[in-house]
Number of protein chains: 2
Amino acid sequence: MKPLTTFVAAIFLATCPTFAAEPLPSWNDTAPKQAIIAFVEKTTKEGSPDFVPISERIAVFDNDGTLWAEQPMYFQLFFALDRVKALAPQHPEWKDKEPFASLLKGDVKAALAGGERALAQIVMATHAGLTTEEFEKVVTDWISTAKHPKTGKPFTEMVYQPMLELLTYLRANNFKTFIVSGGGIEFMRPWTEKVYDIPPEQVIGSSIKTKFELRDGTPVLARLPELNFIDDKEGKPVAIQQHIGRRPIMAFGNSDGDFQMLEWTTTGKGPRFALIVHHDDAQREYAYDRGSHIGKLEKGLDEAPQRGWSIISMKNDWKNIYP
Amino acid sequence: MKPLTTFVAAIFLATCPTFAAEPLPSWNDTAPKQAIIAFVEKTTKEGSPDFVPISERIAVFDNDGTLWAEQPMYFQLFFALDRVKALAPQHPEWKDKEPFASLLKGDVKAALAGGERALAQIVMATHAGLTTEEFEKVVTDWISTAKHPKTGKPFTEMVYQPMLELLTYLRANNFKTFIVSGGGIEFMRPWTEKVYDIPPEQVIGSSIKTKFELRDGTPVLARLPELNFIDDKEGKPVAIQQHIGRRPIMAFGNSDGDFQMLEWTTTGKGPRFALIVHHDDAQREYAYDRGSHIGKLEKGLDEAPQRGWSIISMKNDWKNIYP
């Protein structure tokens with residue numbers, strides 16, 4: 001091609017990536033894929049009665065179980081357990097103190113038998129006490145080396161290839177993509193930009209309090225052992241309003257912890273879309289829903305049809321699971 | 001021009017707006033303007049030792065006194081006072097109850113004599129009790145009709161023209177612009193996109209708590225009479241981390257309430273920039289600093305030179321104040 005033509009073509013491809021290839025190649029051509037594409041086309045076509053201006057094209061995604069896997073337990077818990085081991089030499093008292101004693105013996109089940117209180121103790125002991133910059137480094141170091149116990153893959157390779165394609169497809173159509181997760185906001189931010197192309201300012205999650213203080217004249221944000229916000233269930237719409245300030249038009253989740261986020265998204269005016277990832281693929285991933293203690297999905301399964309929410313069968317609707 | 005040339009030119013102008021005109025036309029060619037342009041050029045030039053990737057080009061702006069005026073009192077207080085009058089018929093008890101009794105008599109000074117407690121009572125009475133969508137409508141209606149008592153202008157026309165140009169200039173250079181204000185986050189969001197081209201998700205401010213609930217089966221976010229966060233002084237770096245998740249490289253403020261935001265911004269690694277708007281123009285705007293009970297600027301004035309922060313004299317550095 002002549003240089004000018006090449007230049008025009010390059011710009012055209014750069015600004016109109018949806019023309020570059022068929023979208024969502026890892027999705028089978030079943031109802032969920034068709035529903036996504038139909039929704040994107042009608043909301044982005046100028047003159048369509050369902051056209052949505054670019055600034056209002058907000059799409060929110062749960063993380064655990066929606067963008068990456070969450071079995072046999074939330075990946076952030078693996079991080080916490082590794083932190084307990086790493087910090088144990090500084091805490092000789094943990095040898096006789098639950099839930100740490102059980103954890104150090106490798107008995108996760110016994111450690112978590114203490115319920116929410118035990119979990120809170122583990123999170124505070126492993127997530128607080130550092131500055132925000134120190135914590136970021138700890139997470140970055142961990143995520144670059146830790147491996148999943150079953151697959152042996154790095155956790156960041158246990159993201160769902162079809163969802164990566166969906167994120168790319170939506171952004172190519174000028175949707176702004178946000179994570180709205182029950183996971184720790186500062187646990188996700190160090191790697192979401194690299195893995196999902198979602199920058200830190202578009203990551204919303206649970207948090208502990210921080211405090212601005214001067215240490216030897218240098219300002220730091222110290223992470224305190226005090227809960228700030230739980231971004232789950234009714235907390236998700238609250239956090240969406242706090243961070244984004246408007247109602248999304250698309251929402252993606254996988255468990256009943258996402259129910260209110262999908263409900264909030266789909267009860268606004270104008271075109272709305274919600275989708276639930278159903279983990280029904282025991283062979284390629286995991287199969288769980290109603291009975292699961294992680295990622296329990298019951299209300300969402302029951303109400304999705306009457307609410308017009310799509311359900312993905314990982315087994316039937318996805319060609320591939322991981323990249 | 002031939003159609004193809006026109007097309008190329010249109011794309012070129014659309015993607016390279018910094019070439020379109022001289023930046024910051026309402027700024028005199030004095031040190032602050034030169035410093036801003038030098039900083040933007042060195043951080044955006046590929047190959048420069050100070051080059052900053054686009055994703056890290058975060059610029060934060062205080063609102064009251066930095067992007068729009070704040071005298072004789074914060075504009076949000078005018079809103080609160082008008083709300084007290086509008087709500088008074090539903091609250092006959094206010095006639096004998098401070099701070100409302102004084103407010104209804106038009107004696108703002110007496111009403112505010114009760115200090116922070118009186119202020120909190122006014123804010124809770126006027127900002128809570130509605131859903132987020134109802135409150136948005138109240139703010140939108142008020143801001144479209146209310147006028148400043150001295151200038152007679154709508155409050156949204158008391159924004160600073162040089163700062164509008166600065167926002168545009170920075171965005172044209174792929175900076176992401178955020179508001180980080182002590183003002184109410186939901187008081188600003190209904191109009192910041194129209195006035196500053198800053199979308200709701202890039203507005204950070206003080207907030208009250210909200211609660212997700214179903215009313216006749218319809219989900220709402222109810223605004224509660226309970227403080228959530230004060231986005232001032234040490235709160236600003238905390239809120240920046242919570243919302244943005246990384247340290248800005250440019251910060252703009254006007255009062256000591258912005259000091260920690262500027263300090264946090266400028267003590268990070270790599271190129272950093274901070275600027276203080278000094279209100280020294282009694283003729284065209286207002287003149288106040290050390291002694292002022294609104295927008296007090298003392299520590300910032302004292303420390304700016306040694307910290308390398310720029311100071312704008314509104315009188316000497318700006319050709320125009322309002323659009």
# chains A, B, ... in the order shown; residues from 1 in each chain; ligands from 1
$ residues_around --residues "range 29-46 of chain B" --least-positions-apart "5" --cutoff "7 Å" --atoms "only C-alpha atoms" --output "PyMOL selection string"
chain B and resi 51-52+310-312+317
$ write_last_selection --atoms "N, CA, C and O atoms" --output "short mmCIF file (atom, residue, chain, number, x, y, z; two decimals), in the first residue's frame"
data_model
loop_
_atom_site.label_atom_id
_atom_site.label_comp_id
_atom_site.auth_asym_id
_atom_site.auth_seq_id
_atom_site.Cartn_x
_atom_site.Cartn_y
_atom_site.Cartn_z
N PHE B 51 9.48 10.94 30.52
CA PHE B 51 8.25 10.45 29.89
C PHE B 51 7.41 9.64 30.89
O PHE B 51 7.94 8.83 31.64
N VAL B 52 6.11 9.88 30.89
CA VAL B 52 5.18 9.14 31.76
C VAL B 52 4.14 8.44 30.86
O VAL B 52 3.50 9.10 30.04
N SER B 310 4.19 25.60 42.20
CA SER B 310 3.87 26.88 41.56
C SER B 310 2.74 27.57 42.31
O SER B 310 1.89 26.91 42.91
N ILE B 311 2.74 28.89 42.27
CA ILE B 311 1.61 29.66 42.80
C ILE B 311 1.10 30.56 41.69
O ILE B 311 1.88 31.27 41.04
N ILE B 312 -0.21 30.50 41.44
CA ILE B 312 -0.82 31.42 40.49
C ILE B 312 -1.30 32.64 41.24
O ILE B 312 -2.09 32.53 42.18
N ASP B 317 -1.50 36.53 36.77
CA ASP B 317 -1.24 35.43 35.85
C ASP B 317 -2.42 35.07 34.95
O ASP B 317 -2.26 34.32 34.00
#
$ interface_residues --of "chain A" --to "chain B" --cutoff "9 Å" --atoms "only C-alpha atoms" --output "ChimeraX atom specification"
/A:4,7-8,11,55,132,185-186,189,199-204,207,209-213,218-221,234-238,241-246,260,263-264,267
$ select_by_dssp --residues "range 79-289 of chain A" --states "strand (DSSP E or B)" --output "VMD selection string"
chain A and resid 131 147 154 159 176 to 184 203 to 215 218 to 229 250 to 253 273 to 278 280 287
$ residues_around --residues "range 72-85 of chain B" --least-positions-apart "6" --cutoff "9 Å" --atoms "only C-alpha atoms" --output "JSON list (two decimals) with N, CA and C atoms, in the first residue's frame"
[["chain", "number", "residue", "atom", "x", "y", "z"],
["B", 64, "ASP", "N", -13.74, 23.73, 45.06],
["B", 64, "ASP", "CA", -14.07, 25.05, 45.63],
["B", 64, "ASP", "C", -12.83, 25.93, 45.73],
["B", 65, "GLY", "N", -12.82, 27.03, 45.00],
["B", 65, "GLY", "CA", -11.68, 27.94, 45.05],
["B", 65, "GLY", "C", -10.58, 27.59, 44.05],
["B", 100, "PHE", "N", -31.67, 25.98, 62.43],
["B", 100, "PHE", "CA", -32.68, 26.25, 61.39],
["B", 100, "PHE", "C", -33.41, 27.58, 61.62],
["B", 103, "LEU", "N", -31.41, 30.42, 60.29],
["B", 103, "LEU", "CA", -31.35, 30.34, 58.83],
["B", 103, "LEU", "C", -32.64, 30.87, 58.20],
["B", 104, "LEU", "N", -33.76, 30.47, 58.78],
["B", 104, "LEU", "CA", -35.05, 30.86, 58.21],
["B", 104, "LEU", "C", -35.29, 32.35, 58.37],
["B", 108, "VAL", "N", -27.45, 33.83, 58.47],
["B", 108, "VAL", "CA", -26.55, 32.70, 58.26],
["B", 108, "VAL", "C", -25.45, 32.67, 59.31],
["B", 122, "ILE", "N", -27.27, 20.94, 59.44],
["B", 122, "ILE", "CA", -27.82, 21.51, 58.20],
["B", 122, "ILE", "C", -27.62, 20.54, 57.03],
["B", 123, "VAL", "N", -26.42, 19.99, 56.95],
["B", 123, "VAL", "CA", -26.13, 19.08, 55.83],
["B", 123, "VAL", "C", -27.02, 17.84, 55.90],
["B", 125, "ALA", "N", -29.91, 17.44, 57.36],
["B", 125, "ALA", "CA", -31.33, 17.77, 57.13],
["B", 125, "ALA", "C", -31.61, 18.03, 55.66],
["B", 126, "THR", "N", -30.60, 18.49, 54.93],
["B", 126, "THR", "CA", -30.85, 18.91, 53.55],
["B", 126, "THR", "C", -30.31, 17.94, 52.51],
["B", 127, "HIS", "N", -29.40, 17.05, 52.91],
["B", 127, "HIS", "CA", -28.76, 16.16, 51.95],
["B", 127, "HIS", "C", -29.19, 14.70, 52.11],
["B", 139, "VAL", "N", -30.56, 18.54, 42.98],
["B", 139, "VAL", "CA", -29.35, 19.31, 42.69],
["B", 139, "VAL", "C", -29.42, 19.89, 41.27],
["B", 142, "TRP", "N", -31.77, 22.79, 41.17],
["B", 142, "TRP", "CA", -31.25, 23.97, 41.88],
["B", 142, "TRP", "C", -30.16, 24.66, 41.07],
["B", 143, "ILE", "N", -29.20, 23.86, 40.58],
["B", 143, "ILE", "CA", -28.03, 24.46, 39.92],
["B", 143, "ILE", "C", -28.43, 25.17, 38.62],
["B", 146, "ALA", "N", -30.37, 28.65, 40.43],
["B", 146, "ALA", "CA", -29.84, 29.49, 41.51],
["B", 146, "ALA", "C", -28.79, 30.47, 40.99],
["B", 148, "HIS", "N", -25.69, 33.50, 42.10],
["B", 148, "HIS", "CA", -24.78, 33.99, 43.13],
["B", 148, "HIS", "C", -25.24, 35.36, 43.63],
["B", 149, "PRO", "N", -25.24, 35.59, 44.95],
["B", 149, "PRO", "CA", -25.80, 36.84, 45.49],
["B", 149, "PRO", "C", -25.05, 38.10, 45.05],
["B", 150, "LYS", "N", -23.77, 37.99, 44.78],
["B", 150, "LYS", "CA", -23.01, 39.19, 44.42],
["B", 150, "LYS", "C", -22.96, 39.41, 42.90],
["B", 155, "PHE", "N", -24.19, 29.74, 39.34],
["B", 155, "PHE", "CA", -22.94, 29.29, 39.97],
["B", 155, "PHE", "C", -22.03, 28.58, 38.96],
["B", 183, "GLY", "N", -16.17, 19.12, 48.98],
["B", 183, "GLY", "CA", -17.61, 19.24, 48.73],
["B", 183, "GLY", "C", -18.26, 17.87, 48.58],
["B", 184, "GLY", "N", -19.57, 17.86, 48.59],
["B", 184, "GLY", "CA", -20.30, 16.60, 48.51],
["B", 184, "GLY", "C", -20.17, 15.95, 47.15],
["B", 187, "PHE", "N", -23.27, 16.15, 45.27],
["B", 187, "PHE", "CA", -23.64, 17.53, 44.93],
["B", 187, "PHE", "C", -22.93, 17.97, 43.65],
["B", 286, "TYR", "N", -12.02, 37.75, 44.41],
["B", 286, "TYR", "CA", -11.93, 38.00, 45.85],
["B", 286, "TYR", "C", -10.46, 37.94, 46.22],
["B", 294, "ILE", "N", -12.90, 30.78, 55.05],
["B", 294, "ILE", "CA", -13.15, 29.87, 53.92],
["B", 294, "ILE", "C", -11.93, 29.92, 53.02]]
$ residues_around --residues "Arg57 in chain B" --least-positions-apart "4" --cutoff "8 Å" --atoms "only C-alpha atoms" --output "short mmCIF file (atom, residue, chain, number, x, y, z; two decimals) with C-alpha atoms, in the first residue's frame"
data_model
loop_
_atom_site.label_atom_id
_atom_site.label_comp_id
_atom_site.auth_asym_id
_atom_site.auth_seq_id
_atom_site.Cartn_x
_atom_site.Cartn_y
_atom_site.Cartn_z
CA VAL B 52 5.18 9.14 31.76
CA PRO B 53 2.99 6.41 30.21
CA ASN B 174 -3.92 12.16 27.56
CA PHE B 175 -4.02 13.14 31.21
CA LYS B 176 -7.05 11.83 33.09
CA PRO B 248 -1.37 11.46 40.77
CA ILE B 249 1.53 13.22 39.06
#
$ residues_around --residues "Trp318 in chain B" --least-positions-apart "2" --cutoff "9 Å" --atoms "only C-alpha atoms" --output "PDB file with C-alpha atoms, in the first residue's frame"
ATOM      1  CA  SER B  26      -6.424  33.042  29.170  1.00  0.00           C
ATOM      2  CA  TRP B  27      -3.106  32.650  30.974  1.00  0.00           C
ATOM      3  CA  ASN B  28      -0.478  35.377  30.835  1.00  0.00           C
ATOM      4  CA  PRO B 162      -8.122  29.536  32.740  1.00  0.00           C
ATOM      5  CA  ILE B 312      -0.822  31.420  40.489  1.00  0.00           C
ATOM      6  CA  SER B 313      -1.561  35.025  41.215  1.00  0.00           C
ATOM      7  CA  MET B 314      -5.086  35.379  39.840  1.00  0.00           C
ATOM      8  CA  LYS B 315      -4.401  39.092  39.476  1.00  0.00           C
ATOM      9  CA  ASN B 316      -1.153  38.817  37.535  1.00  0.00           C
ATOM     10  CA  ASN B 320      -9.745  36.442  32.445  1.00  0.00           C
ATOM     11  CA  ILE B 321     -11.471  34.970  35.458  1.00  0.00           C
TER      12      ILE B 321
END
$ residues_around --residues "range 196-198 of chain A" --least-positions-apart "4" --cutoff "9 Å" --atoms "only C-alpha atoms" --output "VMD selection string"
chain A and resid 67 159 164 167 to 168 177 to 179 189 191 to 192 202 to 203
$ select_by_dssp --residues "range 27-209 of chain B" --states "alpha helix (DSSP H)" --output "ChimeraX atom specification"
/B:31-44,75-87,100-104,108-112,115-127,132-143,161-172,185-196
$ atom_distance --atom1 "CA of Asp231 in chain B" --atom2 "CA of Ile58 in chain B"
18.1 Å
$ atom_distance --atom1 "CA of Lys105 in chain A" --atom2 "CA of Pro89 in chain A"
14.2 Å
